$ cat coords33.csv   # CSV, C-alpha atoms and all ligand atoms
chain,number,residue,atom,x,y,z
A,1383,MET,CA,-61.8,47.6,6.4
A,1384,SER,CA,-59.0,45.8,8.2
A,1385,ILE,CA,-59.0,42.0,8.6
A,1386,LEU,CA,-57.1,40.2,11.4
A,1387,VAL,CA,-56.2,36.6,10.3
A,1388,VAL,CA,-55.2,33.9,12.8
A,1389,GLY,CA,-54.2,30.4,11.7
A,1390,THR,CA,-51.3,28.2,10.9
A,1391,VAL,CA,-48.3,29.3,8.8
A,1392,ALA,CA,-46.7,26.0,7.9
A,1393,PHE,CA,-44.6,23.6,5.9
A,1394,ASP,CA,-46.7,21.0,3.9
A,1395,ALA,CA,-45.8,17.8,2.2
A,1396,ILE,CA,-48.4,16.9,-0.4
A,1397,GLU,CA,-49.1,13.9,-2.6
A,1398,THR,CA,-51.7,14.0,-5.3
A,1399,PRO,CA,-52.2,11.6,-8.3
A,1400,PHE,CA,-50.3,14.3,-10.3
A,1401,GLY,CA,-47.2,14.6,-8.2
A,1402,LYS,CA,-45.5,14.8,-4.9
A,1403,ILE,CA,-43.7,17.6,-3.0
A,1404,ASP,CA,-41.8,17.1,0.2
A,1405,LYS,CA,-41.7,20.6,1.6
A,1406,ILE,CA,-43.6,23.6,0.5
A,1407,VAL,CA,-44.9,26.7,2.4
A,1408,GLY,CA,-48.5,26.4,3.3
A,1409,GLY,CA,-50.8,26.8,6.3
A,1410,ALA,CA,-54.3,28.1,6.8
A,1411,ALA,CA,-53.4,31.7,7.5
A,1412,THR,CA,-51.0,31.8,4.5
A,1413,TYR,CA,-53.8,30.8,2.1
A,1414,ILE,CA,-56.4,33.0,3.8
A,1415,CYS,CA,-54.1,36.1,3.6
A,1416,LEU,CA,-53.1,35.5,0.0
A,1417,SER,CA,-56.7,35.1,-1.1
A,1418,ALA,CA,-58.0,38.0,1.0
A,1419,SER,CA,-55.3,40.3,-0.5
A,1420,PHE,CA,-57.3,40.5,-3.7
A,1421,PHE,CA,-60.0,42.4,-1.8
A,1422,SER,CA,-58.3,44.2,1.1
A,1423,LYS,CA,-55.0,45.9,1.6
A,1424,LYS,CA,-55.3,46.0,5.3
A,1425,LEU,CA,-54.4,42.5,6.4
A,1426,ASN,CA,-53.0,41.6,9.8
A,1427,ILE,CA,-51.7,38.2,10.8
A,1428,VAL,CA,-51.2,36.5,14.2
A,1429,SER,CA,-49.4,33.2,14.0
A,1430,VAL,CA,-46.1,31.5,14.9
A,1431,VAL,CA,-43.2,29.8,13.0
A,1432,GLY,CA,-39.8,28.4,13.9
A,1433,ASP,CA,-36.5,29.9,12.7
A,1434,ASP,CA,-36.5,27.3,9.9
A,1435,PHE,CA,-39.2,29.3,8.1
A,1436,PRO,CA,-37.9,31.1,5.1
A,1437,LYS,CA,-37.6,34.9,5.1
A,1438,LYS,CA,-38.6,34.8,1.4
A,1439,ALA,CA,-42.0,33.5,2.3
A,1440,ILE,CA,-42.5,36.3,4.9
A,1441,ASN,CA,-41.5,38.8,2.3
A,1442,MET,CA,-44.0,37.3,-0.1
A,1443,LEU,CA,-46.8,37.8,2.4
A,1444,GLU,CA,-45.7,41.3,3.0
A,1445,LYS,CA,-45.8,42.0,-0.7
A,1446,HIS,CA,-49.5,40.9,-0.5
A,1447,HIS,CA,-50.2,43.7,2.0
A,1448,VAL,CA,-50.0,41.4,5.1
A,1449,ASN,CA,-48.7,43.2,8.2
A,1450,MET,CA,-46.5,40.5,9.8
A,1451,LYS,CA,-46.0,42.2,13.2
A,1452,GLY,CA,-48.1,39.5,14.9
A,1453,LEU,CA,-45.9,36.6,13.5
A,1454,GLN,CA,-43.8,35.1,16.3
A,1455,ILE,CA,-40.6,33.6,15.1
A,1456,LYS,CA,-39.4,31.0,17.7
A,1457,LYS,CA,-35.6,30.6,17.9
A,1458,GLY,CA,-34.4,27.0,17.7
A,1459,GLU,CA,-37.9,25.6,17.1
A,1460,LYS,CA,-39.6,24.1,14.1
A,1461,THR,CA,-42.5,25.3,12.1
A,1462,PHE,CA,-45.8,23.4,12.1
A,1463,PHE,CA,-45.7,20.6,9.6
A,1464,TRP,CA,-48.6,18.9,7.9
A,1465,SER,CA,-48.5,16.1,5.3
A,1466,GLY,CA,-51.5,14.8,3.3
A,1467,LYS,CA,-52.3,12.5,0.4
A,1468,TYR,CA,-55.2,12.9,-1.9
A,1469,HIS,CA,-57.3,10.1,-3.3
A,1470,ASN,CA,-57.9,9.7,-7.0
A,1471,ASP,CA,-61.2,11.7,-6.8
A,1472,MET,CA,-59.1,14.7,-5.4
A,1473,ASN,CA,-62.1,15.4,-3.2
A,1474,THR,CA,-61.0,13.4,-0.2
A,1475,ARG,CA,-57.6,13.1,1.5
A,1476,ASP,CA,-55.8,11.4,4.3
A,1477,THR,CA,-53.7,13.3,6.7
A,1478,LEU,CA,-50.4,11.4,6.9
A,1479,ASP,CA,-48.7,13.5,9.6
A,1480,THR,CA,-49.3,16.5,11.7
A,1481,GLN,CA,-46.3,17.9,13.7
A,1482,LEU,CA,-47.5,20.7,15.9
A,1483,ASN,CA,-43.9,21.9,16.8
A,1484,VAL,CA,-44.2,25.6,17.6
A,1485,LEU,CA,-47.9,25.3,18.0
A,1486,GLU,CA,-47.6,23.2,21.1
A,1487,THR,CA,-46.7,26.2,23.3
A,1488,PHE,CA,-48.1,29.0,21.1
A,1489,ASN,CA,-49.5,31.9,23.2
A,1490,PRO,CA,-50.9,34.4,20.7
A,1491,VAL,CA,-50.3,38.1,21.3
A,1492,VAL,CA,-52.4,40.5,19.2
A,1493,PRO,CA,-50.3,43.7,18.6
A,1494,VAL,CA,-52.1,46.8,20.0
A,1495,GLU,CA,-52.6,48.2,16.5
A,1496,PHE,CA,-54.4,45.0,15.4
A,1497,GLN,CA,-56.8,44.9,18.4
A,1498,ALA,CA,-59.5,47.0,16.7
A,1499,SER,CA,-59.5,45.2,13.4
A,1500,GLU,CA,-63.0,45.3,12.0
A,1501,PHE,CA,-63.1,41.8,10.6
A,1502,LEU,CA,-61.7,38.7,12.4
A,1503,MET,CA,-60.9,35.5,10.6
A,1504,LEU,CA,-60.1,32.7,13.1
A,1505,GLY,CA,-58.5,30.3,10.7
A,1506,ASN,CA,-57.8,26.7,11.4
A,1507,LEU,CA,-55.8,26.3,14.7
A,1508,MET,CA,-56.3,25.1,18.2
A,1509,PRO,CA,-59.7,26.3,19.4
A,1510,SER,CA,-58.2,27.7,22.7
A,1511,VAL,CA,-55.8,29.8,20.6
A,1512,GLN,CA,-58.6,31.1,18.5
A,1513,LYS,CA,-60.5,32.1,21.7
A,1514,LYS,CA,-57.4,33.8,23.2
A,1515,VAL,CA,-57.2,36.0,20.1
A,1516,LEU,CA,-60.8,36.8,20.3
A,1517,ASN,CA,-60.4,37.8,23.9
A,1518,GLN,CA,-57.7,40.3,23.0
A,1519,MET,CA,-59.9,42.4,20.7
A,1520,THR,CA,-60.6,45.7,22.3
A,1521,GLU,CA,-63.9,46.0,20.4
A,1522,ARG,CA,-66.0,43.2,19.1
A,1523,PRO,CA,-65.2,42.9,15.4
A,1524,LYS,CA,-68.0,43.6,13.0
A,1525,LEU,CA,-67.8,40.0,11.8
A,1526,ILE,CA,-66.1,36.9,13.3
A,1527,VAL,CA,-65.6,33.9,11.0
A,1528,LEU,CA,-64.2,30.7,12.3
A,1529,ASP,CA,-62.8,27.8,10.4
A,1530,THR,CA,-61.7,24.5,11.9
A,1531,MET,CA,-61.2,20.8,11.0
A,1532,ASN,CA,-61.7,17.2,12.3
A,1533,PHE,CA,-58.2,17.2,13.8
A,1534,TRP,CA,-59.3,19.8,16.4
A,1535,MET,CA,-62.8,18.2,16.9
A,1536,ASP,CA,-61.1,14.9,17.8
A,1537,LEU,CA,-58.8,16.5,20.3
A,1538,PHE,CA,-60.6,19.6,21.7
A,1539,MET,CA,-64.4,19.4,21.0
A,1540,ASP,CA,-65.3,21.2,24.2
A,1541,ASP,CA,-62.9,24.1,23.6
A,1542,LEU,CA,-64.3,24.4,20.1
A,1543,LYS,CA,-67.9,24.5,21.3
A,1544,GLU,CA,-66.8,27.3,23.7
A,1545,ALA,CA,-65.3,29.3,20.9
A,1546,LEU,CA,-68.3,28.7,18.7
A,1547,LYS,CA,-70.6,30.5,21.1
A,1548,GLU,CA,-68.9,33.8,20.1
A,1549,VAL,CA,-68.6,33.6,16.4
A,1550,ASP,CA,-70.9,34.8,13.6
A,1551,VAL,CA,-69.9,32.5,10.8
A,1552,LEU,CA,-68.6,28.9,10.9
A,1553,THR,CA,-67.0,27.3,7.8
A,1554,ILE,CA,-66.5,23.6,7.8
A,1555,ASN,CA,-66.7,20.7,5.3
A,1556,ASP,CA,-69.5,18.2,5.1
A,1557,GLU,CA,-67.8,15.5,7.1
A,1558,GLU,CA,-66.9,18.0,9.8
A,1559,ALA,CA,-70.5,19.2,9.9
A,1560,ARG,CA,-71.6,15.6,10.5
A,1561,GLN,CA,-69.0,15.1,13.2
A,1562,LEU,CA,-69.9,18.4,15.0
A,1563,SER,CA,-73.6,17.8,14.9
A,1564,GLY,CA,-73.8,14.0,15.1
A,1565,GLU,CA,-76.3,14.2,12.2
A,1566,TYR,CA,-75.8,12.7,8.7
A,1567,SER,CA,-78.3,15.0,6.9
A,1568,LEU,CA,-76.6,18.3,6.3
A,1569,VAL,CA,-79.8,20.2,6.6
A,1570,LYS,CA,-80.4,18.7,10.1
A,1571,ALA,CA,-76.7,19.2,10.9
A,1572,ALA,CA,-77.0,22.9,10.0
A,1573,LYS,CA,-80.0,23.3,12.3
A,1574,ILE,CA,-78.1,21.8,15.2
A,1575,ILE,CA,-74.9,23.8,14.5
A,1576,LEU,CA,-76.8,27.1,14.2
A,1577,LYS,CA,-78.0,26.6,17.8
A,1578,MET,CA,-74.3,26.3,19.0
A,1579,GLY,CA,-73.6,30.1,18.4
A,1580,PRO,CA,-72.9,30.9,14.7
A,1581,LYS,CA,-75.7,32.8,12.9
A,1582,TYR,CA,-74.4,31.6,9.6
A,1583,LEU,CA,-72.9,28.3,8.6
A,1584,ILE,CA,-71.0,27.5,5.4
A,1585,ILE,CA,-70.6,23.8,4.6
A,1586,LYS,CA,-67.9,23.3,1.9
A,1587,LYS,CA,-68.3,20.3,-0.3
A,1588,GLY,CA,-65.2,20.5,-2.4
A,1589,GLU,CA,-65.9,20.1,-6.1
A,1590,HIS,CA,-69.6,19.9,-5.3
A,1591,GLY,CA,-69.7,23.6,-4.1
A,1592,ALA,CA,-70.7,25.2,-0.9
A,1593,LEU,CA,-73.9,25.7,1.1
A,1594,LEU,CA,-74.7,28.8,3.2
A,1595,PHE,CA,-77.2,28.4,5.9
A,1596,ASN,CA,-79.0,31.2,8.0
A,1597,ASN,CA,-82.1,30.6,10.0
A,1598,ASN,CA,-84.4,28.7,7.6
A,1599,GLU,CA,-82.7,30.0,4.5
A,1600,VAL,CA,-80.1,28.2,2.4
A,1601,PHE,CA,-78.0,29.3,-0.6
A,1602,PHE,CA,-76.0,27.1,-2.8
A,1603,ALA,CA,-72.9,28.0,-4.8
A,1604,PRO,CA,-71.4,25.5,-7.2
A,1605,ALA,CA,-67.6,25.0,-7.6
A,1606,LEU,CA,-66.4,25.9,-11.1
A,1607,PRO,CA,-66.1,22.8,-13.2
A,1608,LEU,CA,-62.3,22.8,-13.9
A,1609,GLU,CA,-60.5,20.9,-16.6
A,1610,GLU,CA,-57.6,20.2,-14.3
A,1611,VAL,CA,-57.4,20.1,-10.5
A,1612,PHE,CA,-53.8,19.8,-9.5
A,1613,ASP,CA,-53.7,20.1,-5.7
A,1614,PRO,CA,-56.8,20.9,-3.5
A,1615,THR,CA,-54.6,21.9,-0.5
A,1616,GLY,CA,-55.7,25.3,0.8
A,1617,ALA,CA,-58.9,25.4,-1.2
A,1618,GLY,CA,-61.0,25.8,2.0
A,1619,ASP,CA,-58.7,28.5,3.3
A,1620,SER,CA,-58.7,30.4,0.0
A,1621,PHE,CA,-62.5,30.2,0.1
A,1622,ALA,CA,-62.5,31.7,3.5
A,1623,GLY,CA,-60.1,34.5,2.5
A,1624,GLY,CA,-62.2,35.4,-0.5
A,1625,PHE,CA,-65.4,35.3,1.6
A,1626,ILE,CA,-64.2,37.5,4.4
A,1627,GLY,CA,-62.1,39.7,2.0
A,1628,TYR,CA,-65.2,40.5,-0.1
A,1629,LEU,CA,-67.3,41.3,3.0
A,1630,ALA,CA,-64.6,43.6,4.4
A,1631,LYS,CA,-64.2,45.3,1.0
A,1632,THR,CA,-68.0,45.9,0.6
A,1633,ASN,CA,-68.5,46.5,4.4
A,1634,ASP,CA,-71.8,44.8,4.2
A,1635,ILE,CA,-72.6,41.7,6.2
A,1636,SER,CA,-76.2,41.2,5.1
A,1637,PHE,CA,-77.3,37.7,4.1
A,1638,ASP,CA,-77.6,38.8,0.4
A,1639,ASN,CA,-74.1,40.1,0.4
A,1640,MET,CA,-72.9,36.9,2.0
A,1641,LYS,CA,-74.2,35.1,-1.0
A,1642,ARG,CA,-72.0,37.2,-3.2
A,1643,ALA,CA,-69.1,36.6,-0.8
A,1644,VAL,CA,-69.6,32.9,-1.1
A,1645,ILE,CA,-69.2,33.2,-4.9
A,1646,ASN,CA,-66.0,35.3,-4.4
A,1647,GLY,CA,-64.7,32.6,-2.0
A,1648,SER,CA,-65.5,29.9,-4.6
A,1649,ALA,CA,-63.7,31.8,-7.3
A,1650,MET,CA,-60.6,32.1,-5.1
A,1651,ALA,CA,-60.7,28.4,-4.3
A,1652,SER,CA,-61.0,27.5,-8.0
A,1653,PHE,CA,-57.6,29.3,-8.6
A,1654,CYS,CA,-55.9,27.7,-5.6
A,1655,VAL,CA,-56.4,24.1,-6.8
A,1656,GLU,CA,-55.0,24.7,-10.3
A,1657,LYS,CA,-51.3,24.5,-9.1
A,1658,PHE,CA,-49.3,23.0,-6.2
A,1659,GLY,CA,-49.5,24.9,-2.9
A,1660,THR,CA,-49.8,28.7,-3.0
A,1661,GLN,CA,-48.3,29.1,-6.4
A,1662,LYS,CA,-51.4,30.0,-8.4
A,1663,LEU,CA,-52.5,32.6,-5.9
A,1664,THR,CA,-49.2,34.4,-6.3
A,1665,GLU,CA,-49.5,34.5,-10.1
A,1666,ILE,CA,-52.9,35.9,-10.7
A,1667,ASN,CA,-54.1,39.5,-10.6
A,1668,LYS,CA,-57.4,41.3,-9.9
A,1669,ASP,CA,-58.5,41.1,-13.6
A,1670,ASP,CA,-58.1,37.3,-13.4
A,1671,VAL,CA,-60.3,37.3,-10.3
A,1672,ASP,CA,-63.0,39.5,-12.0
A,1673,ALA,CA,-63.0,37.3,-15.1
A,1674,ARG,CA,-63.4,34.2,-13.0
A,1675,ILE,CA,-66.3,35.7,-11.0
A,1676,ASN,CA,-68.0,36.4,-14.4
A,1677,GLU,CA,-67.6,32.7,-15.2
A,1678,PHE,CA,-69.5,31.9,-12.1
A,1679,VAL,CA,-72.3,34.3,-13.0
A,1680,ASN,CA,-72.7,32.7,-16.4
A,1681,LEU,CA,-72.5,29.2,-14.8
A,1682,VAL,CA,-75.5,29.7,-12.6
A,1683,GLN,CA,-77.7,32.2,-14.4
A,1684,PHE,CA,-80.8,31.0,-16.1
A,1685,ASP,CA,-84.3,32.2,-17.1
A,1686,ILE,CA,-87.2,30.0,-16.4
A,1687,LEU,CA,-90.9,30.5,-17.2
A,1688,LEU,CA,-93.3,29.5,-14.4
A,1689,LYS,CA,-97.0,29.2,-15.1
B,1701,LIG,P1,-57.3,23.2,3.5
B,1701,LIG,O1,-56.9,22.4,2.3
B,1701,LIG,O2,-58.0,24.5,3.1
B,1701,LIG,O3,-58.1,22.4,4.5
B,1701,LIG,O4,-56.0,23.7,4.3
B,1701,LIG,C1,-54.8,23.1,4.1
B,1701,LIG,C2,-53.8,23.8,5.0
B,1701,LIG,O5,-54.2,23.6,6.3
B,1701,LIG,C3,-52.4,23.2,4.8
B,1701,LIG,O6,-51.5,24.2,4.3
B,1701,LIG,C4,-51.9,22.8,6.2
B,1701,LIG,O7,-50.7,23.4,6.6
B,1701,LIG,C5,-53.0,23.4,7.1
B,1701,LIG,N1,-53.4,22.4,8.2
B,1701,LIG,C6,-53.4,21.1,8.1
B,1701,LIG,N2,-53.8,20.5,9.3
B,1701,LIG,C7,-54.0,21.6,10.1
B,1701,LIG,C8,-54.4,21.7,11.5
B,1701,LIG,N3,-54.7,20.6,12.2
B,1701,LIG,N4,-54.6,22.9,12.0
B,1701,LIG,C9,-54.3,24.0,11.3
B,1701,LIG,N5,-53.9,24.0,10.0
B,1701,LIG,C10,-53.8,22.8,9.4
$ encode --input "coords33.csv" --output "structure tokens" --more "lines below"
Ligand code: AMP
Amino acid sequence: MSILVVGTVAFDAIETPFGKIDKIVGGAATYICLSASFFSKKLNIVSVVGDDFPKKAINMLEKHHVNMKGLQIKKGEKTFFWSGKYHNDMNTRDTLDTQLNVLETFNPVVPVEFQASEFLMLGNLMPSVQKKVLNQMTERPKLIVLDTMNFWMDLFMDDLKEALKEVDVLTINDEEARQLSGEYSLVKAAKIILKMGPKYLIIKKGEHGALLFNNNEVFFAPALPLEEVFDPTGAGDSFAGGFIGYLAKTNDISFDNMKRAVINGSAMASFCVEKFGTQKLTEINKDDVDARINEFVNLVQFDILLK
């Protein structure tokens, strides 16, 4: 099954307690595609960069089965730039700078050959751009997943709520779920958000795992306890890539299969955080992914005797 991925392709500057890097290739769509490439070889991207973006990075994505026809390269303009600093717990971060650059005037064009993609991943980006992409699909995709963040909620909450009416799955972190719903309790927040449009809600809690909500059901997947977390940037996007990648590979969007997809997403996120930026995702192979999923199975499997 083919997956259309929309989201930022970016330069990041990252500071963690373990080091600092001034300019590295990142972006939501970059992480999503790299992660999803372990499950699907039919990946299509729609995004925008400036002519300062390295050809090497485009080639790297192509090597991971990403069709780059929908990547606009704007002459004389600069690529989206984000800079963040992680706190000592590595679970929280401050955004130091966001320079929209090419994003300010981005008008997404979905190439004709992408318009019938079966799965649609609306990665972190302006909600109005996410909606424009959705509107260009000739057939409603089998599954539409949307990811967003506080930055867009602060600026464009109304546009976001419009886009949410049309999606199947929303992935956000705990703070964003509270901001979107106005509720502190995540269970109450989920009930409110599920009335906004999405049938499924995934709340990511960093090293404390992820919750999947649907109607009155809830599923929890832990994060793998790792000896070293080097850089959490892109963990949420890697999760999303693994999640939608697995669903596309199995072509099954039942709640039970979504539980398995959450475990696959968690496995991909656990790789991402082990090195700076996208590096780890470009070093691993499918055997590594399978072995890691096995670690998750062992982590959460137990027998219990009930009277
Ligand atoms: P994550 O750690 O999964 O939340 O994603 C980190 C990636 O999101 C970085 O590579 C950034 O380039 C990208 N990013 C940061 N801020 C934004 C934003 N406002 N919109 C879209 N992408 C962003």
$ residues_around --input "coords33.csv" --residues "A:Val1491" --least-positions-apart "2" --cutoff "7 Å" --atoms "all atoms listed in the file" --output "VMD selection string"
chain A and resid 1452 1489 1493
$ atom_distance --input "coords33.csv" --atom1 "atom CA of A:His1590" --atom2 "atom CA of A:Ala1411"
23.8 Å
$ closest_residue --input "coords33.csv" --among "A:Thr1480, A:Asn1470, A:Ser1510, A:Ser1563" --to "A:Leu1542" --atoms "all atoms listed in the file"
A:Ser1510
$ closest_residue --input "coords33.csv" --among "A:Gln1481, A:Ser1465, A:Thr1615, A:Ser1422" --to "ligand LIG 1701 (chain B)" --atoms "only C-alpha atoms and all ligand atoms"
A:Thr1615
$ atom_distance --input "coords33.csv" --atom1 "atom CA of A:Asp1634" --atom2 "atom CA of A:Val1682"
22.9 Å
$ closest_atom_pairs --input "coords33.csv" --of "chain A" --to "ligand LIG 1701 (chain B)" --cutoff "7 Å" --atoms "only C-alpha atoms and all ligand atoms" --output "CSV"
residue,atom,partner,partner_atom,distance
A:Gly1389,CA,B:LIG1701,C9,6.4
A:Thr1390,CA,B:LIG1701,N5,5.0
A:Val1391,CA,B:LIG1701,O7,6.7
A:Ala1392,CA,B:LIG1701,O7,4.9
A:Phe1393,CA,B:LIG1701,O7,6.1
A:Asp1394,CA,B:LIG1701,O7,5.4
A:Gly1408,CA,B:LIG1701,O6,3.9
A:Gly1409,CA,B:LIG1701,O6,3.4
A:Ala1410,CA,B:LIG1701,O5,4.5
A:Phe1463,CA,B:LIG1701,O7,6.5
A:Trp1464,CA,B:LIG1701,O7,5.1
A:Thr1480,CA,B:LIG1701,N2,6.5
A:Asn1506,CA,B:LIG1701,C9,4.4
A:Leu1507,CA,B:LIG1701,C9,4.4
A:Met1508,CA,B:LIG1701,N4,6.8
A:Met1531,CA,B:LIG1701,N3,6.6
A:Phe1533,CA,B:LIG1701,N3,5.1
A:Trp1534,CA,B:LIG1701,N3,6.3
A:Pro1614,CA,B:LIG1701,O1,6.0
A:Thr1615,CA,B:LIG1701,O1,3.7
A:Gly1616,CA,B:LIG1701,O2,3.3
A:Ala1617,CA,B:LIG1701,O2,4.5
A:Gly1618,CA,B:LIG1701,O2,3.4
A:Asp1619,CA,B:LIG1701,O2,4.1
A:Ser1620,CA,B:LIG1701,O2,6.7
$ atom_distance --input "coords33.csv" --atom1 "atom CA of A:Gly1627" --atom2 "atom CA of A:Leu1485"
25.8 Å
$ closest_residue --input "coords33.csv" --among "A:Asn1667, A:Ala1395, A:Leu1525, A:Asn1532" --to "A:Leu1478" --atoms "only C-alpha atoms"
A:Ala1395
$ closest_residue --input "coords33.csv" --among "A:Ser1567, A:Asn1646, A:Asn1426, A:Thr1487" --to "A:Leu1502" --atoms "all atoms listed in the file"
A:Asn1426
$ closest_residue --input "coords33.csv" --among "A:Gly1588, A:Pro1509, A:Gly1432, A:Met1442" --to "A:Leu1537" --atoms "all atoms listed in the file"
A:Pro1509
$ residues_around --input "coords33.csv" --residues "A:Thr1632" --least-positions-apart "6" --cutoff "10 Å" --atoms "only C-alpha atoms" --output "CSV table (one decimal) with C-alpha atoms, in the coordinates of the input"
chain,number,residue,atom,x,y,z
A,1383,MET,CA,-61.8,47.6,6.4
A,1421,PHE,CA,-60.0,42.4,-1.8
A,1422,SER,CA,-58.3,44.2,1.1
A,1626,ILE,CA,-64.2,37.5,4.4
A,1639,ASN,CA,-74.1,40.1,0.4
A,1643,ALA,CA,-69.1,36.6,-0.8
$ residues_around --input "coords33.csv" --residues "stretch 1526-1530 of chain A" --least-positions-apart "2" --cutoff "6 Å" --atoms "all atoms listed in the file" --output "PyMOL selection string"
chain A and resi 1502-1506+1549-1553
$ closest_atom_pairs --input "coords33.csv" --of "stretch 1589-1640 of chain A" --to "stretch 1671-1681 of chain A" --cutoff "10 Å" --atoms "all atoms listed in the file" --output "Markdown table"
| residue | atom | partner | partner_atom | distance |
| --- | --- | --- | --- | --- |
| A:Ala1603 | CA | A:Phe1678 | CA | 8.9 |
| A:Pro1604 | CA | A:Phe1678 | CA | 8.3 |
| A:Ala1605 | CA | A:Phe1678 | CA | 8.5 |
| A:Leu1606 | CA | A:Phe1678 | CA | 6.8 |
| A:Pro1607 | CA | A:Leu1681 | CA | 9.2 |
$ closest_residue --input "coords33.csv" --among "A:Gln1683, A:Asn1449, A:Thr1474, A:Ser1417" --to "A:Asn1555" --atoms "all atoms listed in the file"
A:Thr1474
$ decode --input "coords33.csv" --residues "stretch 1390-1402 of chain A" --atoms "N, CA and C atoms" --output "PDB file, in the first residue's frame"
ATOM      1  N   THR A1390       7.242  18.801   7.428  1.00  0.00           N
ATOM      2  CA  THR A1390       8.441  19.606   7.190  1.00  0.00           C
ATOM      3  C   THR A1390       9.634  18.742   6.801  1.00  0.00           C
ATOM      4  N   VAL A1391      10.469  19.328   5.938  1.00  0.00           N
ATOM      5  CA  VAL A1391      11.820  18.815   5.680  1.00  0.00           C
ATOM      6  C   VAL A1391      12.694  20.003   6.086  1.00  0.00           C
ATOM      7  N   ALA A1392      13.613  19.787   7.003  1.00  0.00           N
ATOM      8  CA  ALA A1392      14.143  20.940   7.738  1.00  0.00           C
ATOM      9  C   ALA A1392      15.634  20.859   8.034  1.00  0.00           C
ATOM     10  N   PHE A1393      16.130  21.997   8.521  1.00  0.00           N
ATOM     11  CA  PHE A1393      17.411  22.017   9.227  1.00  0.00           C
ATOM     12  C   PHE A1393      17.093  22.210  10.710  1.00  0.00           C
ATOM     13  N   ASP A1394      17.745  21.441  11.551  1.00  0.00           N
ATOM     14  CA  ASP A1394      17.555  21.562  13.001  1.00  0.00           C
ATOM     15  C   ASP A1394      18.870  21.927  13.676  1.00  0.00           C
ATOM     16  N   ALA A1395      18.763  22.665  14.781  1.00  0.00           N
ATOM     17  CA  ALA A1395      19.891  22.844  15.692  1.00  0.00           C
ATOM     18  C   ALA A1395      19.430  22.272  17.028  1.00  0.00           C
ATOM     19  N   ILE A1396      20.217  21.364  17.582  1.00  0.00           N
ATOM     20  CA  ILE A1396      19.750  20.618  18.757  1.00  0.00           C
ATOM     21  C   ILE A1396      20.772  20.690  19.879  1.00  0.00           C
ATOM     22  N   GLU A1397      20.261  20.916  21.084  1.00  0.00           N
ATOM     23  CA  GLU A1397      21.142  20.874  22.252  1.00  0.00           C
ATOM     24  C   GLU A1397      20.560  19.896  23.260  1.00  0.00           C
ATOM     25  N   THR A1398      21.360  18.927  23.671  1.00  0.00           N
ATOM     26  CA  THR A1398      20.936  17.986  24.713  1.00  0.00           C
ATOM     27  C   THR A1398      22.037  17.993  25.784  1.00  0.00           C
ATOM     28  N   PRO A1399      21.779  17.366  26.949  1.00  0.00           N
ATOM     29  CA  PRO A1399      22.837  17.319  27.961  1.00  0.00           C
ATOM     30  C   PRO A1399      24.094  16.608  27.428  1.00  0.00           C
ATOM     31  N   PHE A1400      23.982  15.905  26.306  1.00  0.00           N
ATOM     32  CA  PHE A1400      25.122  15.130  25.787  1.00  0.00           C
ATOM     33  C   PHE A1400      25.856  15.798  24.642  1.00  0.00           C
ATOM     34  N   GLY A1401      25.347  16.898  24.167  1.00  0.00           N
ATOM     35  CA  GLY A1401      26.045  17.553  23.066  1.00  0.00           C
ATOM     36  C   GLY A1401      25.177  18.556  22.349  1.00  0.00           C
ATOM     37  N   LYS A1402      25.798  19.187  21.366  1.00  0.00           N
ATOM     38  CA  LYS A1402      25.128  20.275  20.662  1.00  0.00           C
ATOM     39  C   LYS A1402      25.477  20.172  19.187  1.00  0.00           C
TER      40      LYS A1402
END
